[in-house]
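As provided, final-v7.cif (mmCIF, N, CA and C atoms) reads as follows.
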data_final
#
loop_
_atom_site.label_atom_id
_atom_site.label_comp_id
_atom_site.auth_asym_id
_atom_site.auth_seq_id
_atom_site.Cartn_x
_atom_site.Cartn_y
_atom_site.Cartn_z
N MET B 25 -32.68 -9.38 -10.47
CA MET B 25 -31.79 -9.97 -11.45
C MET B 25 -32.56 -10.99 -12.29
N CYS B 26 -33.30 -11.85 -11.63
CA CYS B 26 -34.06 -12.87 -12.35
C CYS B 26 -35.08 -12.24 -13.29
N GLU B 27 -35.74 -11.20 -12.81
CA GLU B 27 -36.76 -10.53 -13.62
C GLU B 27 -36.14 -9.88 -14.86
N ILE B 28 -35.00 -9.24 -14.68
CA ILE B 28 -34.33 -8.59 -15.82
C ILE B 28 -33.98 -9.63 -16.88
N ILE B 29 -33.42 -10.73 -16.46
CA ILE B 29 -33.01 -11.77 -17.40
C ILE B 29 -34.23 -12.40 -18.07
N TRP B 30 -35.28 -12.61 -17.30
CA TRP B 30 -36.51 -13.18 -17.87
C TRP B 30 -37.07 -12.26 -18.96
N VAL B 31 -37.12 -10.95 -18.68
CA VAL B 31 -37.65 -9.99 -19.66
C VAL B 31 -36.77 -9.96 -20.92
N LEU B 32 -35.46 -9.97 -20.72
CA LEU B 32 -34.57 -9.97 -21.88
C LEU B 32 -34.80 -11.19 -22.77
N LYS B 33 -35.04 -12.33 -22.12
CA LYS B 33 -35.24 -13.57 -22.87
C LYS B 33 -36.63 -13.66 -23.47
N ARG B 34 -37.66 -13.46 -22.66
CA ARG B 34 -39.04 -13.69 -23.11
C ARG B 34 -39.64 -12.52 -23.88
N ALA B 35 -39.50 -11.31 -23.36
CA ALA B 35 -40.13 -10.15 -24.00
C ALA B 35 -39.31 -9.63 -25.19
N TYR B 36 -38.00 -9.52 -24.99
CA TYR B 36 -37.15 -8.97 -26.04
C TYR B 36 -36.54 -10.04 -26.95
N ARG B 37 -36.63 -11.29 -26.52
CA ARG B 37 -36.14 -12.43 -27.28
C ARG B 37 -34.65 -12.32 -27.64
N TYR B 38 -33.87 -11.82 -26.68
CA TYR B 38 -32.43 -11.71 -26.89
C TYR B 38 -31.79 -13.10 -26.85
N ASP B 39 -30.74 -13.27 -27.64
CA ASP B 39 -29.97 -14.50 -27.60
C ASP B 39 -29.24 -14.61 -26.26
N LYS B 40 -28.91 -15.81 -25.89
CA LYS B 40 -28.23 -16.05 -24.62
C LYS B 40 -26.92 -15.28 -24.53
N SER B 41 -26.21 -15.16 -25.62
CA SER B 41 -24.92 -14.45 -25.59
C SER B 41 -25.11 -12.98 -25.19
N ILE B 42 -26.17 -12.37 -25.67
CA ILE B 42 -26.46 -10.97 -25.31
C ILE B 42 -26.87 -10.88 -23.84
N ILE B 43 -27.69 -11.83 -23.40
CA ILE B 43 -28.13 -11.86 -22.01
C ILE B 43 -26.93 -12.05 -21.08
N LEU B 44 -26.02 -12.92 -21.46
CA LEU B 44 -24.82 -13.12 -20.66
C LEU B 44 -24.00 -11.85 -20.57
N ASN B 45 -23.87 -11.14 -21.67
CA ASN B 45 -23.11 -9.90 -21.70
C ASN B 45 -23.73 -8.85 -20.78
N ILE B 46 -25.03 -8.68 -20.87
CA ILE B 46 -25.72 -7.71 -20.02
C ILE B 46 -25.62 -8.11 -18.55
N THR B 47 -25.80 -9.38 -18.27
CA THR B 47 -25.72 -9.87 -16.90
C THR B 47 -24.32 -9.65 -16.33
N GLN B 48 -23.32 -9.93 -17.12
CA GLN B 48 -21.93 -9.71 -16.70
C GLN B 48 -21.70 -8.24 -16.36
N GLN B 49 -22.24 -7.35 -17.18
CA GLN B 49 -22.10 -5.91 -16.93
C GLN B 49 -22.79 -5.51 -15.62
N LEU B 50 -23.96 -6.06 -15.37
CA LEU B 50 -24.67 -5.76 -14.13
C LEU B 50 -23.90 -6.26 -12.91
N LEU B 51 -23.38 -7.47 -13.01
CA LEU B 51 -22.64 -8.06 -11.89
C LEU B 51 -21.33 -7.33 -11.63
N SER B 52 -20.77 -6.71 -12.64
CA SER B 52 -19.47 -6.04 -12.52
C SER B 52 -19.60 -4.56 -12.17
N ASN B 53 -20.79 -4.03 -12.23
CA ASN B 53 -21.00 -2.60 -12.00
C ASN B 53 -21.02 -2.30 -10.50
N ASN B 54 -20.12 -1.44 -10.06
CA ASN B 54 -20.02 -1.10 -8.64
C ASN B 54 -21.13 -0.18 -8.16
N GLU B 55 -21.85 0.41 -9.06
CA GLU B 55 -22.93 1.34 -8.68
C GLU B 55 -24.27 0.64 -8.50
N ILE B 56 -24.33 -0.65 -8.83
CA ILE B 56 -25.56 -1.42 -8.69
C ILE B 56 -25.37 -2.45 -7.59
N ARG B 57 -26.29 -2.45 -6.64
CA ARG B 57 -26.25 -3.44 -5.56
C ARG B 57 -27.14 -4.62 -5.93
N ILE B 58 -26.59 -5.80 -5.81
CA ILE B 58 -27.33 -7.02 -6.11
C ILE B 58 -27.36 -7.88 -4.85
N ALA B 59 -28.58 -8.19 -4.41
CA ALA B 59 -28.72 -9.05 -3.24
C ALA B 59 -28.11 -10.41 -3.54
N SER B 60 -27.44 -10.97 -2.55
CA SER B 60 -26.80 -12.29 -2.70
C SER B 60 -25.88 -12.30 -3.91
N HIS B 61 -25.01 -11.31 -3.97
CA HIS B 61 -24.13 -11.12 -5.13
C HIS B 61 -23.29 -12.36 -5.43
N ALA B 62 -22.72 -12.97 -4.40
CA ALA B 62 -21.88 -14.16 -4.61
C ALA B 62 -22.68 -15.30 -5.24
N GLN B 63 -23.92 -15.47 -4.79
CA GLN B 63 -24.76 -16.52 -5.36
C GLN B 63 -25.21 -16.16 -6.78
N ALA B 64 -25.45 -14.88 -7.03
CA ALA B 64 -25.79 -14.44 -8.38
C ALA B 64 -24.62 -14.67 -9.33
N ARG B 65 -23.41 -14.41 -8.86
CA ARG B 65 -22.21 -14.64 -9.68
C ARG B 65 -22.06 -16.14 -9.98
N ALA B 66 -22.25 -16.98 -8.98
CA ALA B 66 -22.16 -18.43 -9.18
C ALA B 66 -23.26 -18.90 -10.13
N ALA B 67 -24.45 -18.35 -9.99
CA ALA B 67 -25.56 -18.70 -10.89
C ALA B 67 -25.24 -18.27 -12.32
N TYR B 68 -24.61 -17.11 -12.47
CA TYR B 68 -24.18 -16.66 -13.80
C TYR B 68 -23.24 -17.69 -14.43
N ASN B 69 -22.28 -18.16 -13.66
CA ASN B 69 -21.33 -19.16 -14.17
C ASN B 69 -22.04 -20.44 -14.59
N ASP B 70 -23.01 -20.87 -13.78
CA ASP B 70 -23.79 -22.07 -14.12
C ASP B 70 -24.63 -21.83 -15.37
N PHE B 71 -25.25 -20.67 -15.44
CA PHE B 71 -26.10 -20.30 -16.58
C PHE B 71 -25.27 -20.23 -17.87
N GLU B 72 -24.07 -19.73 -17.75
CA GLU B 72 -23.18 -19.61 -18.91
C GLU B 72 -22.89 -20.99 -19.52
N ARG B 73 -22.73 -21.99 -18.67
CA ARG B 73 -22.37 -23.34 -19.13
C ARG B 73 -23.58 -24.25 -19.35
N GLY B 74 -24.70 -23.93 -18.71
CA GLY B 74 -25.83 -24.86 -18.72
C GLY B 74 -26.96 -24.46 -19.65
N ASN B 75 -28.02 -25.26 -19.60
CA ASN B 75 -29.19 -25.07 -20.47
C ASN B 75 -30.43 -24.60 -19.73
N ALA B 76 -30.37 -24.54 -18.42
CA ALA B 76 -31.54 -24.12 -17.64
C ALA B 76 -31.59 -22.59 -17.57
N ASP B 77 -32.65 -22.09 -16.97
CA ASP B 77 -32.80 -20.64 -16.81
C ASP B 77 -31.93 -20.14 -15.67
N PHE B 78 -31.54 -18.88 -15.77
CA PHE B 78 -30.74 -18.26 -14.72
C PHE B 78 -31.42 -18.39 -13.37
N SER B 79 -32.73 -18.17 -13.33
CA SER B 79 -33.46 -18.22 -12.05
C SER B 79 -33.32 -19.59 -11.38
N ASP B 80 -33.30 -20.66 -12.16
CA ASP B 80 -33.13 -21.99 -11.59
C ASP B 80 -31.76 -22.11 -10.91
N TYR B 81 -30.74 -21.67 -11.61
CA TYR B 81 -29.39 -21.72 -11.04
C TYR B 81 -29.26 -20.82 -9.82
N PHE B 82 -29.91 -19.65 -9.86
CA PHE B 82 -29.83 -18.73 -8.74
C PHE B 82 -30.51 -19.33 -7.51
N ILE B 83 -31.67 -19.92 -7.69
CA ILE B 83 -32.37 -20.58 -6.58
C ILE B 83 -31.49 -21.69 -5.99
N ALA B 84 -30.87 -22.48 -6.85
CA ALA B 84 -30.01 -23.56 -6.37
C ALA B 84 -28.82 -23.01 -5.59
N GLN B 85 -28.26 -21.91 -6.05
CA GLN B 85 -27.13 -21.31 -5.34
C GLN B 85 -27.56 -20.73 -3.99
N LEU B 86 -28.72 -20.12 -3.95
CA LEU B 86 -29.25 -19.61 -2.67
C LEU B 86 -29.50 -20.76 -1.70
N ASN B 87 -30.08 -21.85 -2.22
CA ASN B 87 -30.33 -23.02 -1.38
C ASN B 87 -29.02 -23.63 -0.87
N LYS B 88 -28.04 -23.73 -1.77
CA LYS B 88 -26.73 -24.27 -1.40
C LYS B 88 -26.11 -23.42 -0.29
N ASN B 89 -26.22 -22.11 -0.42
CA ASN B 89 -25.69 -21.19 0.58
C ASN B 89 -26.39 -21.36 1.93
N SER B 90 -27.63 -21.83 1.89
CA SER B 90 -28.40 -22.06 3.12
C SER B 90 -28.18 -23.46 3.70
N GLY B 91 -27.33 -24.25 3.05
CA GLY B 91 -27.00 -25.56 3.57
C GLY B 91 -27.64 -26.74 2.87
N CYS B 92 -28.43 -26.49 1.84
CA CYS B 92 -29.06 -27.58 1.10
C CYS B 92 -28.03 -28.24 0.17
N LYS B 93 -28.00 -29.54 0.17
CA LYS B 93 -27.07 -30.25 -0.71
C LYS B 93 -27.53 -30.21 -2.16
N VAL B 94 -28.83 -30.31 -2.37
CA VAL B 94 -29.41 -30.26 -3.72
C VAL B 94 -30.74 -29.51 -3.67
N THR B 95 -31.16 -29.04 -4.83
CA THR B 95 -32.47 -28.44 -5.00
C THR B 95 -33.29 -29.41 -5.83
N VAL B 96 -34.43 -29.79 -5.32
CA VAL B 96 -35.30 -30.74 -6.01
C VAL B 96 -36.14 -29.97 -7.03
N SER B 97 -36.26 -30.55 -8.23
CA SER B 97 -36.97 -29.85 -9.31
C SER B 97 -37.61 -30.84 -10.26
N PHE B 98 -38.63 -30.35 -10.97
CA PHE B 98 -39.23 -31.10 -12.07
C PHE B 98 -38.58 -30.74 -13.40
N ASP B 99 -37.72 -29.73 -13.39
CA ASP B 99 -37.10 -29.20 -14.60
C ASP B 99 -35.92 -30.09 -15.01
N LYS B 100 -36.10 -30.84 -16.08
CA LYS B 100 -35.06 -31.77 -16.52
C LYS B 100 -33.79 -31.04 -16.96
N LYS B 101 -33.94 -29.84 -17.55
CA LYS B 101 -32.76 -29.08 -17.95
C LYS B 101 -31.93 -28.71 -16.73
N ALA B 102 -32.59 -28.23 -15.71
CA ALA B 102 -31.89 -27.84 -14.48
C ALA B 102 -31.24 -29.05 -13.83
N CYS B 103 -31.90 -30.18 -13.90
CA CYS B 103 -31.42 -31.37 -13.21
C CYS B 103 -30.20 -32.01 -13.87
N ASN B 104 -29.74 -31.44 -14.96
CA ASN B 104 -28.47 -31.87 -15.53
C ASN B 104 -27.29 -31.31 -14.74
N HIS B 105 -27.57 -30.40 -13.83
CA HIS B 105 -26.55 -29.77 -13.01
C HIS B 105 -26.46 -30.48 -11.66
N GLN B 106 -25.27 -30.51 -11.10
CA GLN B 106 -25.03 -31.23 -9.84
C GLN B 106 -25.79 -30.68 -8.64
N ASN B 107 -26.22 -29.42 -8.70
CA ASN B 107 -26.95 -28.84 -7.57
C ASN B 107 -28.43 -29.20 -7.55
N PHE B 108 -28.85 -30.00 -8.52
CA PHE B 108 -30.27 -30.36 -8.62
C PHE B 108 -30.47 -31.87 -8.55
N LYS B 109 -31.66 -32.23 -8.11
CA LYS B 109 -32.08 -33.62 -8.13
C LYS B 109 -33.48 -33.63 -8.75
N TYR B 110 -33.69 -34.50 -9.71
CA TYR B 110 -34.98 -34.59 -10.40
C TYR B 110 -36.01 -35.24 -9.50
N LEU B 111 -37.16 -34.59 -9.41
CA LEU B 111 -38.28 -35.14 -8.63
C LEU B 111 -39.26 -35.77 -9.62
N SER B 112 -39.25 -37.09 -9.64
CA SER B 112 -40.16 -37.79 -10.56
C SER B 112 -41.47 -38.08 -9.85
N SER B 113 -42.49 -38.24 -10.64
CA SER B 113 -43.82 -38.51 -10.07
C SER B 113 -44.01 -39.96 -9.75
#
Kindly present the structure from the file in structure tokens form.
Amino acid sequence: MCEIIWVLKRAYRYDKSIILNITQQLLSNNEIRIASHAQARAAYNDFERGNADFSDYFIAQLNKNSGCKVTVSFDKKACNHQNFKYLSS
């Protein structure tokens, strides 16, 4: 999932609205199996509202599902979300 979204953004330079539409279709398709589907869906919701990359939100959701209260990051965009804590030097 992360790789598909990264390619759509970086290689094809699709706008976020198009990426959201494609991601929604993938998440809703019963013929496609997505590992950690619930966390991918939650990451989609975060990505839809936030400014960070989908992969950041997905990692945070996976960590949250594993019992982590926050995901530590250097990414200031990601750290605007409640699931992240900024790691300053």
So which residues touch Leu111 of chain B within 8 Å, counting only N, CA and C atoms, skipping near sequence neighbours fewer than 5 positions away, as JSON, numbers by chain? {"B": [95, 96, 97, 98, 99, 100, 103]}
Could you state the separation of atom CA of Ala62 of chain B and atom CA of Asn89 of chain B in Å, given to one decimal place?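 So the answer is 9.5 Å.
Nearest to His105 of chain B of all the residues B:Leu32, B:Ala76, B:Ala66, B:Leu50 is B:Ala76, based on only C-alpha atoms.
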Could you tell me, as a ChimeraX atom specification, exactly which residues end up selected when the PyMOL selection byres (((chain B and resi 82 and name CA) around 8) and name CA) is applied to this structure? /B:63-64,66-68,78-81,83-86
Restricting to only C-alpha atoms, whichever of B:Leu51, B:Asn69, B:His61, B:Phe108 is closest to Lys88 of chain B is B:Phe108
When DSSP works through the backbone of this structure, what residues of chain B end up as strand (DSSP E), shown as a PyMOL selection string? chain B and resi 95-97+108-110
If you run DSSP on the backbone here, which positions in chain B get alpha helix (DSSP H)? Please write them as a ChimeraX atom specification. /B:26-34,40-52,61-73,78-89
Interatomic distance between atom CA of Ile46 of chain B and atom CA of Ile29 of chain B?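 The value is 8.7 Å.
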Distance of atom N of Lys101 of chain B from atom CA of Arg34 of chain B, expressed in Å to one decimal place: 17.8 Å
